[in-house]
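A.B. asks: You'll find structure_7.txt just under this line, and it carries compact mmCIF, C-alpha atoms and all ligand atoms.
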# COMPACT_ATOMS: atom_id res chain seq x y z
CA MET R 395 2.75 12.90 40.17
CA THR R 396 -0.30 13.57 38.00
CA ILE R 397 0.59 14.76 34.51
CA ARG R 398 -2.08 16.60 32.57
CA ILE R 399 -2.45 17.76 29.00
CA GLY R 400 -0.63 21.08 28.62
CA ASP R 401 1.89 20.35 31.39
CA THR R 402 5.60 20.47 30.59
CA ALA R 403 6.83 16.88 30.34
CA PRO R 404 8.90 16.13 33.44
CA ASP R 405 12.60 15.84 32.62
CA PHE R 406 14.84 13.02 33.84
CA THR R 407 18.15 11.31 33.25
CA ALA R 408 17.92 7.53 32.83
CA GLU R 409 19.86 4.49 31.72
CA THR R 410 18.49 3.03 28.49
CA THR R 411 19.37 0.30 26.02
CA GLN R 412 21.07 3.03 23.95
CA GLY R 413 23.05 4.59 26.81
CA THR R 414 22.24 7.26 29.37
CA ILE R 415 19.66 9.77 28.15
CA ASP R 416 18.69 13.23 29.40
CA PHE R 417 15.11 13.06 28.23
CA LEU R 418 14.39 16.61 27.04
CA ASP R 419 17.91 16.96 25.55
CA TRP R 420 17.42 13.68 23.69
CA LYS R 421 13.98 14.80 22.49
CA LYS R 422 15.17 18.26 21.44
CA ASP R 423 12.52 19.95 19.30
CA SER R 424 10.99 16.74 17.93
CA TRP R 425 7.72 15.17 18.92
CA ALA R 426 8.19 12.28 21.36
CA ILE R 427 6.24 9.26 22.53
CA LEU R 428 7.10 7.83 25.93
CA PHE R 429 5.37 4.50 26.48
CA SER R 430 5.60 2.16 29.43
CA HIS R 431 5.01 -1.58 29.59
CA PRO R 432 4.81 -3.82 32.65
CA LYS R 433 7.67 -6.27 32.35
CA ASP R 434 10.34 -7.84 30.15
CA PHE R 435 9.83 -11.36 28.76
CA THR R 436 6.02 -11.10 28.82
CA PRO R 437 3.87 -11.90 25.78
CA VAL R 438 1.78 -8.78 25.20
CA CYS R 439 4.78 -6.50 25.78
CA THR R 440 6.82 -8.54 23.28
CA THR R 441 4.23 -7.90 20.57
CA GLU R 442 3.97 -4.21 21.48
CA LEU R 443 7.70 -3.50 21.18
CA GLY R 444 7.76 -5.34 17.84
CA ALA R 445 4.79 -3.29 16.60
CA VAL R 446 6.42 0.02 17.58
CA ALA R 447 9.72 -0.98 15.93
CA LYS R 448 7.94 -1.90 12.67
CA LEU R 449 6.40 1.58 12.55
CA LYS R 450 9.81 3.33 12.49
CA PRO R 451 9.31 4.77 8.95
CA GLU R 452 5.99 6.25 10.11
CA TRP R 453 7.49 7.82 13.27
CA ASP R 454 10.38 9.22 11.21
CA LYS R 455 7.99 10.69 8.62
CA ARG R 456 6.25 12.59 11.43
CA ASN R 457 9.45 13.66 13.26
CA VAL R 458 8.51 11.53 16.29
CA LYS R 459 11.11 9.94 18.59
CA VAL R 460 9.86 6.93 20.55
CA ILE R 461 11.15 5.64 23.86
CA GLY R 462 9.92 2.65 25.87
CA LEU R 463 10.15 2.01 29.60
CA SER R 464 9.87 -0.81 32.06
CA VAL R 465 11.12 -1.36 35.59
CA ASP R 466 13.55 -4.12 34.59
CA PRO R 467 17.31 -3.53 34.38
CA VAL R 468 19.18 -2.84 31.14
CA ASP R 469 20.81 -6.33 30.92
CA SER R 470 17.36 -7.85 30.99
CA HIS R 471 16.15 -5.44 28.27
CA HIS R 472 19.09 -6.43 26.04
CA LEU R 473 18.42 -10.16 26.46
CA TRP R 474 14.71 -9.67 25.82
CA GLU R 475 15.41 -7.64 22.68
CA LYS R 476 16.92 -10.79 21.13
CA ASP R 477 13.62 -12.61 21.70
CA ILE R 478 11.68 -9.68 20.23
CA GLU R 479 13.83 -9.75 17.09
CA GLU R 480 13.41 -13.52 16.79
CA THR R 481 9.65 -13.63 17.35
CA GLN R 482 8.48 -10.29 15.88
CA GLY R 483 10.88 -10.25 12.92
CA THR R 484 12.27 -6.82 13.70
CA ALA R 485 15.06 -5.42 15.87
CA VAL R 486 14.06 -2.93 18.56
CA ASN R 487 15.21 0.33 16.98
CA PHE R 488 14.44 2.80 19.80
CA PRO R 489 15.76 3.19 23.36
CA VAL R 490 14.07 1.39 26.24
CA ILE R 491 14.50 2.94 29.69
CA ALA R 492 15.70 0.58 32.44
CA ASP R 493 13.78 2.05 35.34
CA ALA R 494 14.75 -0.47 38.02
CA ASP R 495 14.61 2.19 40.74
CA ARG R 496 11.20 3.41 39.42
CA LYS R 497 12.39 6.99 39.29
CA VAL R 498 10.72 7.70 35.94
CA ALA R 499 7.72 5.52 36.81
CA ASP R 500 7.08 7.70 39.85
CA LEU R 501 7.64 10.90 37.90
CA TYR R 502 5.12 9.86 35.20
CA ASP R 503 2.64 8.08 37.53
CA LEU R 504 3.19 4.73 35.81
CA ILE R 505 2.56 2.49 38.80
CA HIS R 506 -1.11 2.19 39.70
CA PRO R 507 -1.01 0.32 43.01
CA ASN R 508 -4.61 -0.87 42.86
CA ALA R 509 -3.75 -2.65 39.59
CA ASN R 510 -0.27 -3.81 40.61
CA ASP R 511 2.08 -2.28 43.12
CA THR R 512 5.34 -3.15 41.36
CA LEU R 513 4.72 -3.26 37.60
CA THR R 514 4.20 -0.26 35.34
CA VAL R 515 0.88 0.10 33.50
CA ARG R 516 0.68 0.55 29.72
CA SER R 517 0.72 4.33 29.44
CA VAL R 518 1.48 6.50 26.43
CA TYR R 519 2.49 10.16 26.58
CA VAL R 520 2.69 12.17 23.35
CA ILE R 521 4.87 15.24 23.85
CA GLY R 522 5.10 18.13 21.40
CA PRO R 523 8.12 20.03 20.09
CA ASP R 524 7.39 22.60 22.83
CA ASP R 525 7.90 19.85 25.48
CA LYS R 526 4.22 20.04 26.48
CA VAL R 527 2.13 16.90 27.00
CA LYS R 528 -0.40 16.63 24.16
CA LEU R 529 -2.00 13.28 25.01
CA SER R 530 -1.91 10.60 27.66
CA LEU R 531 -3.63 7.25 27.76
CA THR R 532 -3.41 4.20 29.97
CA TYR R 533 -4.27 0.58 29.25
CA PRO R 534 -4.25 -2.38 31.64
CA ALA R 535 -1.55 -5.07 31.46
CA SER R 536 -3.86 -7.53 29.70
CA THR R 537 -4.65 -5.28 26.71
CA GLY R 538 -2.04 -4.48 24.06
CA ARG R 539 -2.26 -1.01 22.59
CA ASN R 540 -3.21 -0.12 19.01
CA PHE R 541 -0.20 1.83 17.74
CA ASP R 542 -1.98 2.70 14.50
CA GLU R 543 -4.32 4.70 16.74
CA ILE R 544 -1.33 6.48 18.27
CA LEU R 545 -0.16 7.37 14.75
CA ARG R 546 -3.66 8.65 13.93
CA VAL R 547 -3.59 10.85 17.05
CA VAL R 548 -0.17 12.23 16.08
CA ASP R 549 -1.58 13.08 12.64
CA SER R 550 -4.46 14.91 14.29
CA LEU R 551 -2.19 16.72 16.78
CA GLN R 552 0.17 17.85 14.03
CA LEU R 553 -2.67 18.99 11.76
CA THR R 554 -4.56 20.87 14.48
CA ALA R 555 -1.34 22.53 15.70
CA LYS R 556 -0.92 24.02 12.22
CA TYR R 557 -4.47 24.90 11.20
CA SER R 558 -7.54 26.16 13.11
CA VAL R 559 -9.35 22.85 12.76
CA ALA R 560 -10.35 19.87 14.87
CA THR R 561 -10.72 16.25 13.77
CA PRO R 562 -14.02 14.38 14.19
CA ALA R 563 -14.70 10.90 15.56
CA ASN R 564 -12.82 8.18 13.71
CA TRP R 565 -11.07 10.72 11.47
CA THR R 566 -8.14 9.50 9.45
CA ASP R 567 -5.67 11.46 7.36
CA GLY R 568 -7.41 12.90 4.27
CA ASP R 569 -10.95 12.99 5.70
CA GLU R 570 -12.94 16.22 6.10
CA VAL R 571 -12.23 18.18 9.29
CA ILE R 572 -14.17 20.57 11.50
CA ILE R 573 -13.54 24.30 11.81
CA GLY R 574 -12.47 24.91 15.43
CA GLY R 575 -15.20 26.16 17.76
CA ALA R 576 -13.22 29.28 18.69
CA VAL R 577 -13.14 30.45 15.05
CA THR R 578 -15.97 32.91 14.33
CA ASP R 579 -17.64 32.82 10.90
CA GLU R 580 -15.94 36.15 10.21
CA ALA R 581 -12.49 34.71 10.92
CA ALA R 582 -13.38 31.47 9.09
CA LYS R 583 -14.04 33.47 5.89
CA GLU R 584 -10.37 34.54 5.96
CA LYS R 585 -8.95 31.18 6.93
CA PHE R 586 -11.14 29.12 4.60
CA PRO R 587 -11.90 31.38 1.61
CA GLU R 588 -13.30 28.42 -0.35
CA GLY R 589 -16.11 28.29 2.21
CA TRP R 590 -17.44 25.45 4.35
CA ARG R 591 -20.38 23.14 4.73
CA ALA R 592 -22.40 24.00 7.83
CA GLU R 593 -24.67 21.28 9.24
CA LYS R 594 -25.28 23.48 12.29
CA PRO R 595 -23.79 26.90 13.08
CA TYR R 596 -21.29 25.08 15.36
CA LEU R 597 -20.64 22.12 13.01
CA ARG R 598 -18.74 23.45 10.00
CA TRP R 599 -16.84 21.12 7.67
CA VAL R 600 -13.91 21.79 5.34
CA PRO R 601 -11.60 19.53 3.34
CA GLN R 602 -8.41 18.73 5.26
CA PRO R 603 -6.09 21.75 4.83
CA GLY R 604 -2.72 21.11 3.22
CA LYS R 605 -3.93 18.06 1.24
C1 LIG Q 701 2.12 -9.23 29.04
O1 LIG Q 701 2.84 -8.43 28.47
O2 LIG Q 701 1.66 -10.20 28.47
C2 LIG Q 701 1.77 -9.03 30.49
C3 LIG Q 701 2.61 -8.32 31.32
C4 LIG Q 701 2.30 -8.17 32.66
C5 LIG Q 701 1.12 -8.69 33.15
C6 LIG Q 701 0.26 -9.37 32.30
C7 LIG Q 701 0.57 -9.54 30.95
Produce structure tokens that represent the structure in this file.
Ligand code: BEZ
C.D. replies:
Amino acid sequence: MTIRIGDTAPDFTAETTQGTIDFLDWKKDSWAILFSHPKDFTPVCTTELGAVAKLKPEWDKRNVKVIGLSVDPVDSHHLWEKDIEETQGTAVNFPVIADADRKVADLYDLIHPNANDTLTVRSVYVIGPDDKVKLSLTYPASTGRNFDEILRVVDSLQLTAKYSVATPANWTDGDEVIIGGAVTDEAAKEKFPEGWRAEKPYLRWVPQPGK
């Protein structure tokens, strides 16, 4: 199934390393990140799960729940978690879905048969408090993801959900932002009474709101 930005995240019940989870019940009104990896006991995946676990204070700060997935069974996940703790210096502190029957993989289009017809690709779905998909991205098995970039995207999504702004290329928290294209100058005068810096009529800059 193709999942697009703005779609409601498909719900499912699955066995995980922290027990059986009904996804949208578990998520409740938080933000969530569902990320898949190809296989247990593989090197890139080992580093990725360690990296996500180390970022727990950052996810918590942003009210984001994270959940991993691969098509291996839960016993395998538990054994592998010991290796992750030993090699990455951190325990895995989020649930990992054991999707041995590929039910969730099929639901979220995580098997790309022309890449590999049994292993899940490295996909990330960011889901908002309204259960809508806000971002999806997919990497190949050979390339580990940059989870600082995922954090940066969450910062942008949370900021732009609250204020009528958009974030420019390579933006990071605290940088200037752009007044959204749908905001007329008339409306912008109300929303940004301090004014803005216009490089072009459509390229209007303001300091990051709320900072
Ligand atoms: C890895 O995590 O290193 C990996 C997993 C599946 C295929 C290739 C690499």
A.B. asks: As a PyMOL selection string, please: the residues near Val577 of chain R (cut-off 12 Å, only C-alpha atoms, same-chain neighbours under 2 positions excluded).
C.D. replies: chain R and resi 557-560+572-575+579-586+595-598
A.B. asks: Hey, which of R:Asp542, R:Glu475, R:Glu480, R:Glu442 ends up closest to ligand LIG 701 (chain Q)? Count all atoms listed in the file.
C.D. replies: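 Between R:Asp542, R:Glu475, R:Glu480, R:Glu442, the residue approaching ligand LIG 701 (chain Q) most closely is R:Glu442.
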A.B. asks: For ligand LIG 701 (chain Q), collect every residue having any atom at a distance of at most 12 Å from a ligand atom (counting all atoms listed in the file); output as number ranges by chain.
C.D. replies: R: 430-443, 464-465, 509-516, 533-539
A.B. asks: Could you pull the residues within 9 Å of Val468 of chain R, counting all atoms listed in the file, minus those fewer than 4 positions along the same chain, as number ranges by chain?
C.D. replies: R: 409-411, 472-473, 490-494
A.B. asks: Closest to Phe406 of chain R among R:Lys421, R:Val498, R:Pro601, R:Gly568, using all atoms listed in the file?
C.D. replies: R:Val498
